[in-house]
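Notes follow once the structure below has been shown.
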Amino acid sequence: MHILCDRQALIDAVSNVQRGVSGKSTLPALEGILLKASGSSLFLAGYDLDMGITTTIEAQVTEPGEIVLTAKLFGDIVRKMPGDEVVISSDDKYNTLLRSGLTEFSIMGISAGEYPELPSVSDGVSFSVPQNLLKSMIRQTLFAVAQTDARPVHTGVKFELGQNQLRLVAVDGSRLAMRCEEIKNTEEMQFVVPGKTLSEILKLLSDEDTPASLVAGRRHIVMEIDGYAVISRLLDGEFLPYEKAIPQQTSTTIHVGTRTLVEAVDRTSLVINDRMKSPLICRFQDNRIHVSCTTPLGSASDVIGAKIEGNEEEMGFNSRFLLDALKNSETDEVRIELNGPLSPMKILPVTGENFLFLVLPVRLKK
């Protein structure tokens, strides 16, 4: 193989593809990036058997070929090369020469034949979502995925594709996050995408409304974003029937400034740490929210104004779960709905229900 390509284009490609590479593997090829040169392009892939990221950049290909190069070393070399262009050449014994200007590296590659075949989706359901919208939907649900794999299916976000609608749902046993949006679509399908995959997708999505294309099959999903393809396995298992957890009745409705409540919860939580766990107590009465907490470290309290209609309530919450939900609302003001001290708190936009967060209360000792 012998090619010449733009150094910055190569740096961008390697940096993004490298995130799909396995950190440690019994198969050395999985710790590398696959390079395939043909025609006038260079294909790059990183894959850890669960998720893969691929892209193609322009290149002057003098001699086509393919090889696997150790991802970390290859990435570090390319980023520190001095010139505007990089020459990559390898022989039939996988000795690989990397040259830019007067700087030259010689490293050992691995046969591309040892690299596992990337999955493909040929009979899946296709749909597209504006990148900025998909980015917002993922961000507003990803925080609520389970961090332990007691039930692996809950370490991902459920995608529910319906007639002109897309819904994303995440649950972890103590909270729920749901986001709904209208999209152009006629198919119906449900699947669960691993949280790790969506974390990487977030880094590729832009804030523009250019489309991201998705193809979901029975076992894998492919997302195409600005020249990159992310291939991921889907999670198996029975997802929690979350609809039953959403309270249908409301006895108290609160309208409050999001930032004001976040700051009050944040301040009061200073006396809480991983060793000194204690519920954050919220009392809703007389158009005020009283926030307080007591731990062996000390006690704290704060009071903020709010518009409250309905019954007075006093409830306890995990402060981090409450903060996560409020910070991910992405609105200046939120609507909070309660139905008694033991029913989950619902956090919604002021009007409509395009997002819904549930935070389960902590039973307070009398």
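Numbering starts fresh at 1 for the residues of each chain in the structure tokens, the chains themselves are lettered A, B, ... in the order given, and ligands are numbered from 1 as they appear.
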Spatial neighbours of Leu356 (chain A), max dist 10 Å, only C-alpha atoms, sep filter under 3 positions, as a VMD selection string: chain A and resid 140 to 141 169 176 to 180 246 325 329 335 to 336 346 to 349 352 to 353
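CA of Val157 (chain A) sits 27.2 Å away from CA of Val14 (chain A).
Considering only C-alpha atoms, the residue among A:Phe239, A:Phe143, A:Tyr47, A:Phe127 positioned nearest to Met189 (chain A) is A:Phe127.
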Taking 6 positions as the minimum chain separation for residues in the same chain, which residues sit within 6 Å of region 16-33 of chain A when counting only C-alpha atoms? Answer as a list of chain:residue names.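 Result of the neighbour search: A:Ala45, A:Gly46, A:Tyr47, A:Asp48, A:Gly52, A:Ile53, A:Thr54, A:Val68, A:Leu69, A:Thr70, A:Ala71, A:Tyr115.
Neighbouring residues of Gly195 (chain A) at 7 Å or closer, counting only C-alpha atoms and skipping chain neighbours under 5 positions away, are Leu142, Val145, Thr155, Gly156 and Val157 of chain A.
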Keeping only N, CA and C atoms, write the selected residues as a PDB file, in the first residue's frame.
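Below is the file that was written, again01.pdb:
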ATOM      1  N   LEU A 142     -30.146  10.318  27.803  1.00  0.00           N
ATOM      2  CA  LEU A 142     -28.962   9.504  28.096  1.00  0.00           C
ATOM      3  C   LEU A 142     -28.591   9.532  29.578  1.00  0.00           C
ATOM      4  N   VAL A 145     -29.951   6.523  31.835  1.00  0.00           N
ATOM      5  CA  VAL A 145     -29.733   5.085  31.609  1.00  0.00           C
ATOM      6  C   VAL A 145     -29.074   4.472  32.840  1.00  0.00           C
ATOM      7  N   THR A 155     -29.241  -0.379  30.211  1.00  0.00           N
ATOM      8  CA  THR A 155     -28.047   0.440  30.024  1.00  0.00           C
ATOM      9  C   THR A 155     -28.101   1.159  28.672  1.00  0.00           C
ATOM     10  N   GLY A 156     -29.250   1.073  28.009  1.00  0.00           N
ATOM     11  CA  GLY A 156     -29.438   1.745  26.731  1.00  0.00           C
ATOM     12  C   GLY A 156     -30.693   2.593  26.726  1.00  0.00           C
ATOM     13  N   VAL A 157     -30.902   3.274  25.615  1.00  0.00           N
ATOM     14  CA  VAL A 157     -32.086   4.123  25.420  1.00  0.00           C
ATOM     15  C   VAL A 157     -33.006   3.435  24.416  1.00  0.00           C
TER      16      VAL A 157
END
Please report, as a PyMOL selection string, each residue of region 249-328 of chain A to which DSSP assigns strand (DSSP E) when run on this structure's backbone. chain A and resi 252-257+280-285+288-295+298-305+307-310+313-317
Which residues of region 113-214 of chain A come within 9 Å of region 313-322 of chain A, and for each one, what is the closest pair of atoms and their distance in Å to one decimal, counting only C-alpha atoms, sorted by chain and residue number, as JSON lines?
{"residue": "A:Ala144", "atom": "CA", "partner": "A:Phe321", "partner_atom": "CA", "distance": 8.5}
{"residue": "A:Ser174", "atom": "CA", "partner": "A:Phe321", "partner_atom": "CA", "distance": 8.2}
{"residue": "A:Arg175", "atom": "CA", "partner": "A:Phe321", "partner_atom": "CA", "distance": 7.3}
Atomic separation - CA of Gly227 (chain A) relative to CA of Ala112 (chain A), Å: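 So the answer is 22.5 Å.
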Quick one: residues within 6 Å of Cys293 (chain A), only C-alpha atoms, excluding same-chain residues fewer than 6 positions away - as a VMD selection string? chain A and resid 280 299 to 300
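Contact shell of Ala264 (chain A) at 12 Å (only C-alpha atoms; same-chain neighbours under 3 positions omitted): Val256, Gly257, Thr258, Arg259, Thr260, Leu261, Arg267, Thr268, Ser269, Leu270, Leu280, Ile281, Cys282, Ile289, His290, Val291, Ser292, Cys293, Ala300, Ser301, Asp302, Val303, Ile304, Gly305, Ser319, Leu322, Leu323 and Leu326 of chain A.
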Using DSSP assignments from the backbone, pull out every residue in region 3-244 of chain A that falls under alpha helix (DSSP H) and give it to me as a PyMOL selection string. chain A and resi 7-17+71-80+131-142+195-204
Given the selection you just returned, output its residues as a file containing N, CA and C atoms, formatted as a CSV table (one decimal), in the first residue's frame.
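Result saved to result.csv:
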chain,number,residue,atom,x,y,z
A,7,ARG,N,-3.0,15.8,6.0
A,7,ARG,CA,-2.7,15.5,7.4
A,7,ARG,C,-3.9,15.9,8.3
A,8,GLN,N,-4.5,17.0,8.1
A,8,GLN,CA,-5.6,17.4,9.0
A,8,GLN,C,-6.9,16.5,8.8
A,9,ALA,N,-7.1,16.2,7.5
A,9,ALA,CA,-8.3,15.3,7.2
A,9,ALA,C,-8.0,13.9,7.9
A,10,LEU,N,-6.7,13.5,7.9
A,10,LEU,CA,-6.4,12.2,8.5
A,10,LEU,C,-6.5,12.3,10.0
A,11,ILE,N,-6.0,13.4,10.6
A,11,ILE,CA,-6.2,13.6,12.1
A,11,ILE,C,-7.6,13.5,12.5
A,12,ASP,N,-8.5,14.2,11.8
A,12,ASP,CA,-9.9,14.2,12.1
A,12,ASP,C,-10.5,12.8,12.0
A,13,ALA,N,-10.2,12.1,11.0
A,13,ALA,CA,-10.7,10.8,10.7
A,13,ALA,C,-10.2,9.8,11.8
A,14,VAL,N,-8.9,9.9,12.1
A,14,VAL,CA,-8.4,8.9,13.1
A,14,VAL,C,-8.9,9.2,14.5
A,15,SER,N,-9.0,10.5,14.8
A,15,SER,CA,-9.5,10.9,16.2
A,15,SER,C,-11.0,10.4,16.4
A,16,ASN,N,-11.8,10.5,15.4
A,16,ASN,CA,-13.2,10.0,15.5
A,16,ASN,C,-13.3,8.5,15.5
A,17,VAL,N,-12.6,7.9,14.5
A,17,VAL,CA,-12.6,6.4,14.3
A,17,VAL,C,-12.0,5.7,15.6
A,71,ALA,N,-4.0,1.7,17.1
A,71,ALA,CA,-4.7,3.0,17.1
A,71,ALA,C,-4.0,4.1,17.9
A,72,LYS,N,-3.6,3.8,19.1
A,72,LYS,CA,-3.0,4.9,19.9
A,72,LYS,C,-1.7,5.4,19.3
A,73,LEU,N,-0.8,4.5,18.9
A,73,LEU,CA,0.5,4.9,18.3
A,73,LEU,C,0.3,5.6,17.0
A,74,PHE,N,-0.6,5.1,16.2
A,74,PHE,CA,-0.9,5.7,14.9
A,74,PHE,C,-1.5,7.1,15.1
A,75,GLY,N,-2.4,7.2,16.0
A,75,GLY,CA,-3.1,8.5,16.2
A,75,GLY,C,-2.1,9.5,16.8
A,76,ASP,N,-1.2,9.1,17.7
A,76,ASP,CA,-0.2,10.0,18.3
A,76,ASP,C,0.8,10.5,17.3
A,77,ILE,N,1.2,9.6,16.4
A,77,ILE,CA,2.2,9.9,15.3
A,77,ILE,C,1.6,11.0,14.4
A,78,VAL,N,0.4,10.7,13.9
A,78,VAL,CA,-0.2,11.6,12.9
A,78,VAL,C,-0.5,13.0,13.5
A,79,ARG,N,-0.9,13.0,14.8
A,79,ARG,CA,-1.2,14.3,15.4
A,79,ARG,C,0.1,15.2,15.6
A,80,LYS,N,1.3,14.5,15.7
A,80,LYS,CA,2.5,15.2,15.9
A,80,LYS,C,3.4,15.4,14.7
A,131,GLN,N,-30.0,16.6,12.7
A,131,GLN,CA,-28.9,16.3,13.7
A,131,GLN,C,-29.1,17.1,15.0
A,132,ASN,N,-29.5,18.4,14.9
A,132,ASN,CA,-29.7,19.1,16.2
A,132,ASN,C,-30.8,18.6,17.0
A,133,LEU,N,-31.8,18.1,16.4
A,133,LEU,CA,-33.0,17.5,17.1
A,133,LEU,C,-32.6,16.1,17.8
A,134,LEU,N,-31.9,15.3,17.0
A,134,LEU,CA,-31.4,14.0,17.5
A,134,LEU,C,-30.5,14.2,18.7
A,135,LYS,N,-29.6,15.2,18.6
A,135,LYS,CA,-28.6,15.5,19.6
A,135,LYS,C,-29.3,15.9,20.9
A,136,SER,N,-30.4,16.8,20.8
A,136,SER,CA,-31.1,17.2,21.9
A,136,SER,C,-31.9,16.0,22.6
A,137,MET,N,-32.5,15.2,21.7
A,137,MET,CA,-33.2,14.0,22.2
A,137,MET,C,-32.4,13.0,23.0
A,138,ILE,N,-31.2,12.8,22.5
A,138,ILE,CA,-30.2,11.8,23.1
A,138,ILE,C,-29.8,12.4,24.4
A,139,ARG,N,-29.4,13.7,24.4
A,139,ARG,CA,-28.9,14.4,25.6
A,139,ARG,C,-29.9,14.4,26.7
A,140,GLN,N,-31.2,14.5,26.3
A,140,GLN,CA,-32.3,14.6,27.4
A,140,GLN,C,-32.7,13.3,27.9
A,141,THR,N,-32.2,12.2,27.4
A,141,THR,CA,-32.5,10.9,27.9
A,141,THR,C,-31.3,10.1,28.4
A,142,LEU,N,-30.1,10.3,27.8
A,142,LEU,CA,-29.0,9.5,28.1
A,142,LEU,C,-28.6,9.5,29.6
A,195,GLY,N,-26.1,2.8,25.7
A,195,GLY,CA,-25.7,4.2,26.1
A,195,GLY,C,-24.3,4.6,25.6
A,196,LYS,N,-23.4,3.6,25.6
A,196,LYS,CA,-22.0,3.9,25.2
A,196,LYS,C,-22.0,4.4,23.7
A,197,THR,N,-22.8,3.7,22.9
A,197,THR,CA,-22.9,4.1,21.5
A,197,THR,C,-23.5,5.5,21.4
A,198,LEU,N,-24.5,5.8,22.1
A,198,LEU,CA,-25.1,7.2,22.0
A,198,LEU,C,-24.2,8.3,22.5
A,199,SER,N,-23.3,7.9,23.5
A,199,SER,CA,-22.3,8.9,24.0
A,199,SER,C,-21.4,9.3,22.9
A,200,GLU,N,-21.0,8.3,22.0
A,200,GLU,CA,-20.1,8.6,20.9
A,200,GLU,C,-20.9,9.3,19.8
A,201,ILE,N,-22.1,9.0,19.6
A,201,ILE,CA,-23.0,9.6,18.6
A,201,ILE,C,-23.1,11.1,18.9
A,202,LEU,N,-23.2,11.5,20.2
A,202,LEU,CA,-23.4,12.9,20.6
A,202,LEU,C,-22.2,13.7,20.1
A,203,LYS,N,-21.0,13.1,20.1
A,203,LYS,CA,-19.7,13.8,19.8
A,203,LYS,C,-19.7,14.1,18.3
A,204,LEU,N,-20.4,13.3,17.5
A,204,LEU,CA,-20.4,13.4,16.0
A,204,LEU,C,-21.5,14.4,15.5
Minimum-distance residue to Ile308 (chain A), chosen among A:Asp92, A:Asp274, A:Ser251, A:Thr103 (using only C-alpha atoms):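 Selected residue with least distance to Ile308 (chain A): A:Ser251.
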In Å, how far is it from CA of Gln285 (chain A) to CA of Thr253 (chain A)?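 A separation of 11.0 Å between them.
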Among the residues A:Asp91, A:Glu182, A:Asp332, A:Asp207, the one that comes closest to Met1 (chain A) [using only C-alpha atoms]: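 With only C-alpha atoms as the atom set, the closest residue is A:Asp91.
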